[in-house]
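Data from protein_10.txt: compact mmCIF, C-alpha atoms
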```txt
# COMPACT_ATOMS: atom_id res chain seq x y z
CA MET A 1 106.47 120.89 76.29
CA THR A 2 107.08 121.84 79.90
CA LYS A 3 109.51 124.69 80.47
CA LEU A 4 110.95 125.43 83.89
CA THR A 5 111.16 129.09 84.86
CA PRO A 6 114.47 130.69 85.91
CA ARG A 7 113.26 130.74 89.54
CA GLN A 8 112.40 127.05 89.44
CA LYS A 9 115.79 126.23 87.89
CA ASN A 10 117.63 128.33 90.47
CA TRP A 11 115.94 126.60 93.37
CA LEU A 12 116.54 123.11 91.99
CA GLU A 13 120.15 123.83 91.11
CA GLY A 14 120.79 125.72 94.34
CA THR A 15 119.34 123.26 96.81
CA GLY A 16 118.93 119.92 95.05
CA ALA A 17 115.80 117.95 95.77
CA HIS A 18 114.00 115.24 97.63
CA ILE A 19 113.32 112.64 94.92
CA GLY A 20 110.31 110.39 95.32
CA THR A 21 109.80 107.17 93.41
CA ALA A 22 107.38 104.30 93.90
CA SER A 23 107.21 100.65 92.96
CA LYS A 24 104.55 99.68 90.45
CA ASN A 25 102.42 98.60 93.43
CA GLY A 26 102.79 101.91 95.21
CA VAL A 27 105.57 101.43 97.75
CA PRO A 28 107.22 104.86 98.00
CA LYS A 29 110.93 105.56 98.46
CA VAL A 30 112.64 108.93 98.85
CA ILE A 31 116.25 110.03 98.52
CA VAL A 32 117.79 113.49 98.77
CA VAL A 33 120.41 114.76 96.36
CA ASP A 34 121.89 118.15 97.17
CA LYS A 35 122.93 119.15 93.66
CA ALA A 36 121.04 119.27 90.41
CA ILE A 37 121.61 120.56 86.91
CA VAL A 38 118.74 121.64 84.71
CA GLU A 39 119.32 120.81 81.06
CA ASN A 40 117.29 121.97 78.07
CA ASP A 41 114.60 123.74 80.16
CA SER A 42 112.84 120.61 81.39
CA THR A 43 115.33 117.85 82.24
CA VAL A 44 116.83 117.75 85.71
CA LYS A 45 120.03 115.77 86.16
CA PHE A 46 121.31 114.42 89.48
CA ILE A 47 124.52 112.57 90.22
CA LEU A 48 123.75 109.72 92.62
CA SER A 49 125.98 107.87 95.02
CA GLU A 50 125.98 104.08 94.73
CA LYS A 51 123.73 103.86 97.78
CA GLN A 52 121.25 106.40 96.43
CA LYS A 53 121.13 104.54 93.14
CA GLU A 54 120.60 101.24 94.91
CA LEU A 55 117.64 102.67 96.81
CA ILE A 56 115.66 103.71 93.74
CA VAL A 57 116.87 101.63 90.81
CA ALA A 58 114.30 98.87 91.27
CA ASN A 59 111.44 101.39 91.47
CA ILE A 60 112.58 103.27 88.37
CA ASN A 61 112.99 100.07 86.39
CA GLU A 62 109.39 99.07 87.05
CA ASN A 63 107.80 102.54 87.33
CA PRO A 64 109.69 105.52 85.88
CA ARG A 65 107.46 108.23 87.37
CA ALA A 66 109.32 110.44 89.84
CA SER A 67 108.51 113.52 91.89
CA LEU A 68 110.91 116.26 92.94
CA GLY A 69 110.61 118.70 95.84
CA PRO A 70 113.29 121.37 96.35
CA GLY A 71 115.31 120.63 99.48
CA GLY A 72 117.71 122.54 101.69
CA ILE A 73 117.55 125.60 103.88
CA GLY A 74 115.02 128.20 102.79
CA SER A 75 113.34 125.88 100.34
CA ILE A 76 110.05 126.42 102.12
CA ARG A 77 109.77 129.36 99.71
CA ALA A 78 110.29 127.03 96.74
CA ALA A 79 106.73 125.80 96.84
CA TYR A 80 106.85 123.55 93.80
CA GLN A 81 106.43 119.91 93.04
CA PHE A 82 107.91 118.66 89.78
CA LYS A 83 106.80 115.35 88.32
CA GLY A 84 108.22 113.52 85.35
CA VAL A 85 109.79 110.47 83.80
CA ALA A 86 113.02 109.26 85.35
CA SER A 87 115.82 107.33 83.71
CA LEU A 88 119.20 106.16 84.95
CA LYS A 89 122.40 106.22 82.93
CA GLY A 90 125.15 104.90 85.14
CA ASN A 91 125.02 107.04 88.24
CA GLU A 92 123.23 109.90 86.54
CA LEU A 93 119.52 110.26 87.15
CA PHE A 94 117.57 112.24 84.59
CA VAL A 95 114.04 113.43 85.30
CA ASN A 96 112.19 114.80 82.31
CA VAL A 97 109.66 117.11 83.99
CA ASP A 98 106.20 117.07 82.47
CA GLU A 99 104.06 118.35 85.35
CA ILE A 100 104.66 121.27 87.74
CA TYR A 101 102.44 122.00 90.73
CA SER A 102 102.26 124.78 93.28
CA THR A 103 102.57 123.53 96.85
CA LYS A 104 101.96 126.93 98.42
CA PRO A 105 99.61 126.35 101.38
CA GLY A 106 96.05 127.54 100.98
CA PRO A 107 93.80 127.62 97.96
CA GLU A 108 96.75 127.42 95.54
CA ALA A 109 98.03 124.14 96.95
CA GLY A 110 98.01 121.58 94.18
CA LEU A 111 97.45 124.16 91.43
CA ARG A 112 98.96 122.85 88.20
CA LEU A 113 101.29 125.44 86.75
CA ASP A 114 102.80 123.91 83.63
CA ASN A 115 99.60 124.12 81.63
CA LEU A 116 99.37 127.87 82.18
CA PRO A 117 100.90 130.15 79.54
CA TYR A 118 104.58 130.64 80.40
CA GLU A 119 104.11 134.37 80.99
CA ASP A 120 101.35 133.61 83.50
CA ILE A 121 103.65 131.29 85.44
CA ILE A 122 106.24 134.05 85.65
CA ARG A 123 103.53 136.47 86.81
CA PHE A 124 102.34 133.91 89.39
CA GLU A 125 105.87 133.70 90.80
CA THR A 126 106.76 137.36 90.82
CA SER A 127 103.49 138.29 92.53
CA ARG A 128 104.15 135.83 95.36
CA TRP A 129 107.88 135.74 95.98
CA ALA A 130 110.52 138.47 95.94
CA ASP A 131 113.45 136.09 95.44
CA ASP A 132 114.58 134.44 92.23
CA GLY A 133 116.11 131.45 94.00
CA PRO A 134 117.97 130.48 97.16
CA PRO A 135 120.40 132.93 98.79
CA ARG A 136 123.74 132.86 96.99
CA MET B 137 109.43 101.57 116.64
CA LYS B 138 110.75 104.46 118.70
CA ILE B 139 112.29 107.34 116.78
CA PRO B 140 115.78 108.36 117.99
CA ASP B 141 115.87 111.46 120.18
CA ASN B 142 117.81 113.63 117.74
CA ILE B 143 115.16 113.11 115.08
CA VAL B 144 112.30 113.55 117.57
CA ASN B 145 113.82 116.87 118.63
CA LEU B 146 114.06 117.97 115.03
CA LEU B 147 110.42 117.16 114.38
CA ARG B 148 108.95 118.49 117.59
CA ILE B 149 107.19 121.86 117.57
CA LYS B 150 109.79 124.54 118.25
CA ASP B 151 110.17 127.68 116.21
CA ILE B 152 108.37 128.49 113.03
CA ASN B 153 110.56 127.83 109.94
CA ASP B 154 112.62 125.30 111.93
CA ALA B 155 112.52 122.37 109.56
CA ILE B 156 111.01 121.30 106.29
CA ILE B 157 110.25 117.71 105.58
CA TYR B 158 108.60 115.91 102.70
CA PHE B 159 105.86 113.35 103.13
CA ALA B 160 105.69 110.89 100.24
CA THR B 161 102.64 108.82 99.39
CA SER B 162 101.72 106.83 96.34
CA SER B 163 98.61 105.53 94.65
CA LEU B 164 98.42 101.75 94.27
CA ARG B 165 99.51 102.20 90.66
CA GLY B 166 102.69 104.00 91.67
CA ASN B 167 101.69 107.63 91.17
CA ILE B 168 104.06 109.21 93.66
CA ASN B 169 103.32 112.49 95.45
CA LEU B 170 105.52 114.65 97.68
CA LEU B 171 103.93 116.94 100.24
CA PRO B 172 106.23 119.63 101.70
CA VAL B 173 105.54 120.21 105.38
CA SER B 174 106.94 122.79 107.75
CA LEU B 175 104.65 121.98 110.71
CA THR B 176 105.43 118.70 112.47
CA ASP B 177 105.24 117.14 115.90
CA VAL B 178 105.93 113.72 117.43
CA TYR B 179 103.75 111.75 119.85
CA LEU B 180 104.93 108.88 122.04
CA ASN B 181 108.27 109.07 120.20
CA GLU B 182 106.70 106.88 117.53
CA TYR B 183 104.04 108.82 115.65
CA ILE B 184 104.83 111.77 113.40
CA LEU B 185 101.98 114.27 113.19
CA LEU B 186 101.32 116.84 110.44
CA PRO B 187 98.31 119.14 110.08
CA ASP B 188 96.16 118.27 107.08
CA LEU B 189 95.79 121.58 105.30
CA PHE B 190 93.74 120.19 102.40
CA ALA B 191 96.49 117.88 101.17
CA GLN B 192 94.21 116.49 98.55
CA LYS B 193 96.49 114.13 96.63
CA THR B 194 97.95 112.85 99.86
CA LYS B 195 94.44 112.08 101.04
CA VAL B 196 93.51 110.32 97.79
CA ASN B 197 96.66 108.22 98.01
CA LEU B 198 96.21 107.35 101.69
CA ASN B 199 92.60 106.39 101.12
CA GLU B 200 93.78 103.54 98.87
CA ASN B 201 97.31 102.91 100.09
CA ARG B 202 97.93 103.60 103.76
CA VAL B 203 101.71 103.89 103.73
CA GLY B 204 104.00 106.89 103.63
CA VAL B 205 107.60 108.01 103.90
CA VAL B 206 108.84 111.06 105.80
CA SER B 207 112.06 112.45 104.34
CA ILE B 208 114.27 114.69 106.46
CA VAL B 209 117.72 116.23 106.08
CA LEU B 210 119.61 116.42 109.37
CA PRO B 211 120.96 119.96 109.88
CA ASP B 212 124.23 118.82 111.48
CA ASP B 213 125.67 116.63 108.76
CA TYR B 214 123.06 116.96 105.96
CA ARG B 215 122.36 113.24 106.09
CA ASN B 216 119.04 112.14 104.68
CA ILE B 217 116.80 110.16 106.99
CA THR B 218 113.63 108.47 105.80
CA ILE B 219 110.99 107.13 108.13
CA GLU B 220 108.57 104.66 106.61
CA GLY B 221 105.37 103.24 107.96
CA PRO B 222 101.61 103.02 107.89
CA ALA B 223 99.88 106.37 107.67
CA ASN B 224 96.38 107.74 107.96
CA ILE B 225 94.49 111.00 108.25
CA ILE B 226 92.50 111.51 111.42
CA GLN B 227 89.83 114.00 110.51
CA TRP B 228 87.26 116.18 112.16
CA GLY B 229 84.14 114.07 111.86
CA HIS B 230 85.75 110.80 112.85
CA PRO B 231 84.15 109.33 115.97
CA LYS B 232 86.25 110.05 119.04
CA SER B 233 86.85 106.33 119.45
CA PHE B 234 88.29 105.92 115.92
CA ARG B 235 91.61 104.11 116.29
CA PHE B 236 94.87 104.13 114.40
CA TYR B 237 97.10 101.60 116.16
CA ASN B 238 97.19 102.78 119.76
CA LEU B 239 95.97 106.31 119.04
CA THR B 240 92.40 107.52 119.10
CA ALA B 241 90.85 110.38 117.16
CA LYS B 242 90.02 112.00 120.49
CA ASP B 243 93.70 112.04 121.58
CA ILE B 244 94.88 113.44 118.31
CA LEU B 245 92.18 115.97 117.51
CA ASN B 246 91.97 117.35 121.05
CA ASN B 247 95.68 118.03 121.04
CA TRP B 248 96.61 118.70 117.42
CA GLY B 249 93.29 119.26 115.67
CA VAL B 250 93.75 123.04 115.87
CA TRP B 251 97.45 123.45 115.18
CA THR B 252 97.37 127.20 115.69
CA LYS B 253 96.88 126.57 119.42
CA LYS B 254 100.33 124.99 119.47
CA GLU B 255 102.30 126.98 116.93
CA ASP B 256 102.05 130.58 115.73
CA VAL B 257 101.44 129.61 112.13
CA LEU B 258 99.99 132.95 111.10
CA ASN B 259 102.93 134.96 112.42
CA GLU B 260 104.49 137.18 109.74
CA ILE B 261 107.87 135.52 110.28
CA ASN B 262 106.47 132.25 108.95
CA GLU B 263 108.09 132.01 105.53
CA ASN B 264 105.25 129.84 104.36
CA LYS B 265 102.43 131.68 106.08
CA PRO B 266 99.05 130.86 104.55
CA ASN B 267 96.55 133.68 104.12
CA VAL B 268 94.07 131.70 106.13
CA PHE B 269 94.57 128.60 108.21
CA LYS B 270 91.95 125.90 107.85
CA GLN B 271 92.78 122.47 109.14
CA ARG B 272 90.85 119.39 108.14
CA GLY B 273 92.57 116.90 110.37
CA VAL B 274 95.91 115.44 111.31
CA ILE B 275 98.09 113.18 109.19
CA VAL B 276 99.70 110.47 111.31
CA ILE B 277 102.64 108.29 110.32
CA LYS B 278 103.64 105.36 112.54
CA ALA B 279 107.40 104.87 112.38
CA GLU B 280 108.20 101.31 111.40
CA THR B 281 111.49 101.63 109.54
CA ILE B 282 114.17 104.30 109.71
CA ASN B 283 116.76 104.51 106.95
CA TYR B 284 119.98 106.52 107.08
CA ASN B 285 120.68 107.26 103.44
```
Could I get this structure in the form of structure tokens?
Amino acid sequence: MTKLTPRQKNWLEGTGAHIGTASKNGVPKVIVVDKAIVENDSTVKFILSEKQKELIVANINENPRASLGPGGIGSIRAAYQFKGVASLKGNELFVNVDEIYSTKPGPEAGLRLDNLPYEDIIRFETSRWADDGPPR
Amino acid sequence: MKIPDNIVNLLRIKDINDAIIYFATSSLRGNINLLPVSLTDVYLNEYILLPDLFAQKTKVNLNENRVGVVSIVLPDDYRNITIEGPANIIQWGHPKSFRFYNLTAKDILNNWGVWTKKEDVLNEINENKPNVFKQRGVIVIKAETINYN
């Protein structure tokens, strides 16, 4: 089971995320939600406005895969892409993350992190970034 | 369609670390991918340009499904803007006459094919500075729809 690190949680909760979805035929749609809550180490919850929900509900109903990229100021240092299965309950969007990728430019771009041992992911982060999340 | 001036100004080359956008692509089966990008420019107020720094999944997606979405947050009011349209990668190796709408590979690669000539990407103040900068081409998105979310 995928387990988000404290740094990953802090960035998602501190800045929210760009949320990408696609129709079953590959038409992409993106919304941005500025707040997120990480539940049980791998589920990210967002509260959507009616308009945000309207924009993605059709995609999620036919194709539940979603991708998350940390948004907001400074998030260039949050070089992660989170992918998972999305579900809507009312205006709450839940994304159960099952893939995590590095998006750090260079040879590590696209490196899959979630299949590394958890301790190695922590080591990967601490050797590359001094922060443990966005400025508070 | 023409992109409004305030968004063009946001996406034009200015200072390093000035804006981060996401570029979304999808496979034809709906496998979505988000590419974070901190280097952007705009040409003819209609085409958004990004250096291709070995964006491998983006390339795989665009090879089978030539559409993309650029997602931006406006710094003034934090509104989310998405710009949708056809997209392609113009790469070193394309013939100079290769066309994408009214652009040619020659126009794009001569001007943006070596991004470091335009922007000091390797400066230490770049918060996302790569150890080395190797560019394979330029990702181009033609603005067709702009959504204010």
Contacts between chain A and chain B, please, where a residue of chain B counts if it comes within 7 Å (with only C-alpha atoms); show its shortest atom pair and distance in Å to one decimal, rows by chain and ascending number, as a tab-separated table.
```
residue	atom	partner	partner_atom	distance
B:Ile156	CA	A:Ile76	CA	6.7
B:Ala160	CA	A:Pro28	CA	6.6
B:Thr161	CA	A:Pro28	CA	6.2
B:Ser162	CA	A:Gly26	CA	5.2
B:Ser163	CA	A:Gly26	CA	5.6
B:Leu164	CA	A:Gly26	CA	4.5
B:Arg165	CA	A:Asn25	CA	5.4
B:Gly166	CA	A:Gly26	CA	4.1
B:Asn167	CA	A:Arg65	CA	6.9
B:Ile168	CA	A:Ala22	CA	5.9
B:Asn169	CA	A:Ser67	CA	6.4
B:Leu170	CA	A:Ser67	CA	6.6
B:Gly204	CA	A:Pro28	CA	6.8
B:Val205	CA	A:Pro28	CA	6.7
B:Ser207	CA	A:Val30	CA	6.5
B:Asn216	CA	A:Val32	CA	6.2
B:Glu263	CA	A:Arg77	CA	6.6
B:Asn264	CA	A:Ile76	CA	6.3
B:Pro266	CA	A:Pro105	CA	5.5
B:Asn267	CA	A:Gly106	CA	6.9
B:Val268	CA	A:Gly106	CA	6.9
```
- Task: Show which residues sit within 10 Å of Lys138 (chain B), as a VMD selection string. Count only C-alpha atoms, and ignore same-chain residues fewer than 2 positions away.
- Result: chain B and resid 140 to 141 144 180 to 183 278 to 282
- Separating CA of Ala130 (chain A) from CA of Lys9 (chain A), to the nearest tenth of an Å, is a gap of 15.6 Å
- Item | Selection near Leu186 (chain B), 12 Å with all atoms listed in the file, sequence-local residues under 2 positions removed, as a PyMOL selection string | chain B and resi 147-149+156-159+171-179+183-184+188-191+194+206+223-227+244-245+248-251+271-278
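Compared by their closest atoms to Glu99 (chain A), and using only C-alpha atoms, the residues A:Asn10, A:Thr15, A:Thr2, A:Asn61 rank with A:Thr2 nearest.
The gap separating CA of Leu93 (chain A) from CA of Leu48 (chain A) is 6.9 Å, in Å to one decimal.
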- Pairwise distance for CA of Glu119 (chain A) and CA of Arg136 (chain A), rounded to one decimal in Å: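 Computing it gives 25.4 Å between the two atoms.
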Please, could all heavy atoms be added to region 78-89 of chain A and the result written as an mmCIF file, in the frame of the given file?
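That gives us result.cif:
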```cif
data_model
loop_
_atom_site.group_PDB
_atom_site.id
_atom_site.type_symbol
_atom_site.label_atom_id
_atom_site.label_comp_id
_atom_site.auth_asym_id
_atom_site.auth_seq_id
_atom_site.Cartn_x
_atom_site.Cartn_y
_atom_site.Cartn_z
ATOM 1 N N ALA A 78 110.327 127.641 98.074
ATOM 2 C CA ALA A 78 110.290 127.030 96.740
ATOM 3 C C ALA A 78 109.123 126.065 96.697
ATOM 4 O O ALA A 78 109.296 124.845 96.711
ATOM 5 C CB ALA A 78 111.601 126.303 96.470
ATOM 6 N N ALA A 79 107.927 126.623 96.683
ATOM 7 C CA ALA A 79 106.730 125.800 96.840
ATOM 8 C C ALA A 79 106.309 125.184 95.511
ATOM 9 O O ALA A 79 105.305 125.557 94.912
ATOM 10 C CB ALA A 79 105.614 126.670 97.425
ATOM 11 N N TYR A 80 107.122 124.233 95.068
ATOM 12 C CA TYR A 80 106.850 123.550 93.800
ATOM 13 C C TYR A 80 106.942 122.046 93.994
ATOM 14 O O TYR A 80 107.737 121.571 94.804
ATOM 15 C CB TYR A 80 107.899 123.901 92.747
ATOM 16 C CG TYR A 80 108.101 125.356 92.473
ATOM 17 C CD1 TYR A 80 109.281 125.989 92.859
ATOM 18 C CD2 TYR A 80 107.139 126.105 91.800
ATOM 19 C CE1 TYR A 80 109.494 127.325 92.594
ATOM 20 C CE2 TYR A 80 107.348 127.449 91.535
ATOM 21 C CZ TYR A 80 108.525 128.054 91.921
ATOM 22 O OH TYR A 80 108.736 129.383 91.666
ATOM 23 N N GLN A 81 106.187 121.339 93.212
ATOM 24 C CA GLN A 81 106.430 119.910 93.040
ATOM 25 C C GLN A 81 106.563 119.650 91.539
ATOM 26 O O GLN A 81 105.719 120.084 90.756
ATOM 27 C CB GLN A 81 105.291 119.066 93.623
ATOM 28 C CG GLN A 81 105.564 117.572 93.464
ATOM 29 C CD GLN A 81 104.502 116.675 94.094
ATOM 30 O OE1 GLN A 81 104.755 115.518 94.371
ATOM 31 N NE2 GLN A 81 103.313 117.205 94.289
ATOM 32 N N PHE A 82 107.646 118.975 91.181
ATOM 33 C CA PHE A 82 107.910 118.660 89.780
ATOM 34 C C PHE A 82 107.730 117.153 89.593
ATOM 35 O O PHE A 82 108.307 116.367 90.353
ATOM 36 C CB PHE A 82 109.355 119.031 89.408
ATOM 37 C CG PHE A 82 109.699 120.462 89.709
ATOM 38 C CD1 PHE A 82 110.268 120.810 90.931
ATOM 39 C CD2 PHE A 82 109.457 121.472 88.784
ATOM 40 C CE1 PHE A 82 110.597 122.125 91.228
ATOM 41 C CE2 PHE A 82 109.774 122.798 89.075
ATOM 42 C CZ PHE A 82 110.340 123.131 90.302
ATOM 43 N N LYS A 83 106.975 116.775 88.585
ATOM 44 C CA LYS A 83 106.800 115.350 88.320
ATOM 45 C C LYS A 83 107.254 115.045 86.903
ATOM 46 O O LYS A 83 107.128 115.893 86.005
ATOM 47 C CB LYS A 83 105.346 114.928 88.497
ATOM 48 C CG LYS A 83 104.868 115.003 89.938
ATOM 49 C CD LYS A 83 103.496 114.374 90.099
ATOM 50 C CE LYS A 83 103.071 114.409 91.553
ATOM 51 N NZ LYS A 83 101.814 113.682 91.790
ATOM 52 N N GLY A 84 107.772 113.858 86.696
ATOM 53 C CA GLY A 84 108.220 113.520 85.350
ATOM 54 C C GLY A 84 108.674 112.086 85.245
ATOM 55 O O GLY A 84 108.448 111.269 86.137
ATOM 56 N N VAL A 85 109.329 111.828 84.114
ATOM 57 C CA VAL A 85 109.790 110.470 83.800
ATOM 58 C C VAL A 85 111.277 110.387 84.113
ATOM 59 O O VAL A 85 112.064 111.208 83.631
ATOM 60 C CB VAL A 85 109.525 110.153 82.313
ATOM 61 C CG1 VAL A 85 110.055 108.764 81.962
ATOM 62 C CG2 VAL A 85 108.040 110.267 82.013
ATOM 63 N N ALA A 86 111.628 109.399 84.915
ATOM 64 C CA ALA A 86 113.020 109.260 85.350
ATOM 65 C C ALA A 86 113.724 108.163 84.558
ATOM 66 O O ALA A 86 113.106 107.160 84.184
ATOM 67 C CB ALA A 86 113.059 108.929 86.836
ATOM 68 N N SER A 87 115.008 108.381 84.320
ATOM 69 C CA SER A 87 115.820 107.330 83.710
ATOM 70 C C SER A 87 117.220 107.406 84.317
ATOM 71 O O SER A 87 117.689 108.484 84.688
ATOM 72 C CB SER A 87 115.874 107.490 82.187
ATOM 73 O OG SER A 87 116.386 108.762 81.861
ATOM 74 N N LEU A 88 117.852 106.248 84.404
ATOM 75 C CA LEU A 88 119.200 106.160 84.950
ATOM 76 C C LEU A 88 120.181 105.830 83.847
ATOM 77 O O LEU A 88 119.940 104.929 83.035
ATOM 78 C CB LEU A 88 119.256 105.068 86.019
ATOM 79 C CG LEU A 88 118.820 105.446 87.438
ATOM 80 C CD1 LEU A 88 118.563 104.189 88.253
ATOM 81 C CD2 LEU A 88 119.867 106.322 88.124
ATOM 82 N N LYS A 89 121.294 106.576 83.827
ATOM 83 C CA LYS A 89 122.400 106.220 82.930
ATOM 84 C C LYS A 89 123.632 106.179 83.813
ATOM 85 O O LYS A 89 124.141 107.226 84.212
ATOM 86 C CB LYS A 89 122.563 107.247 81.823
ATOM 87 C CG LYS A 89 121.449 107.168 80.807
ATOM 88 C CD LYS A 89 121.575 108.206 79.728
ATOM 89 C CE LYS A 89 120.308 108.186 78.875
ATOM 90 N NZ LYS A 89 120.021 109.453 78.236
#
```
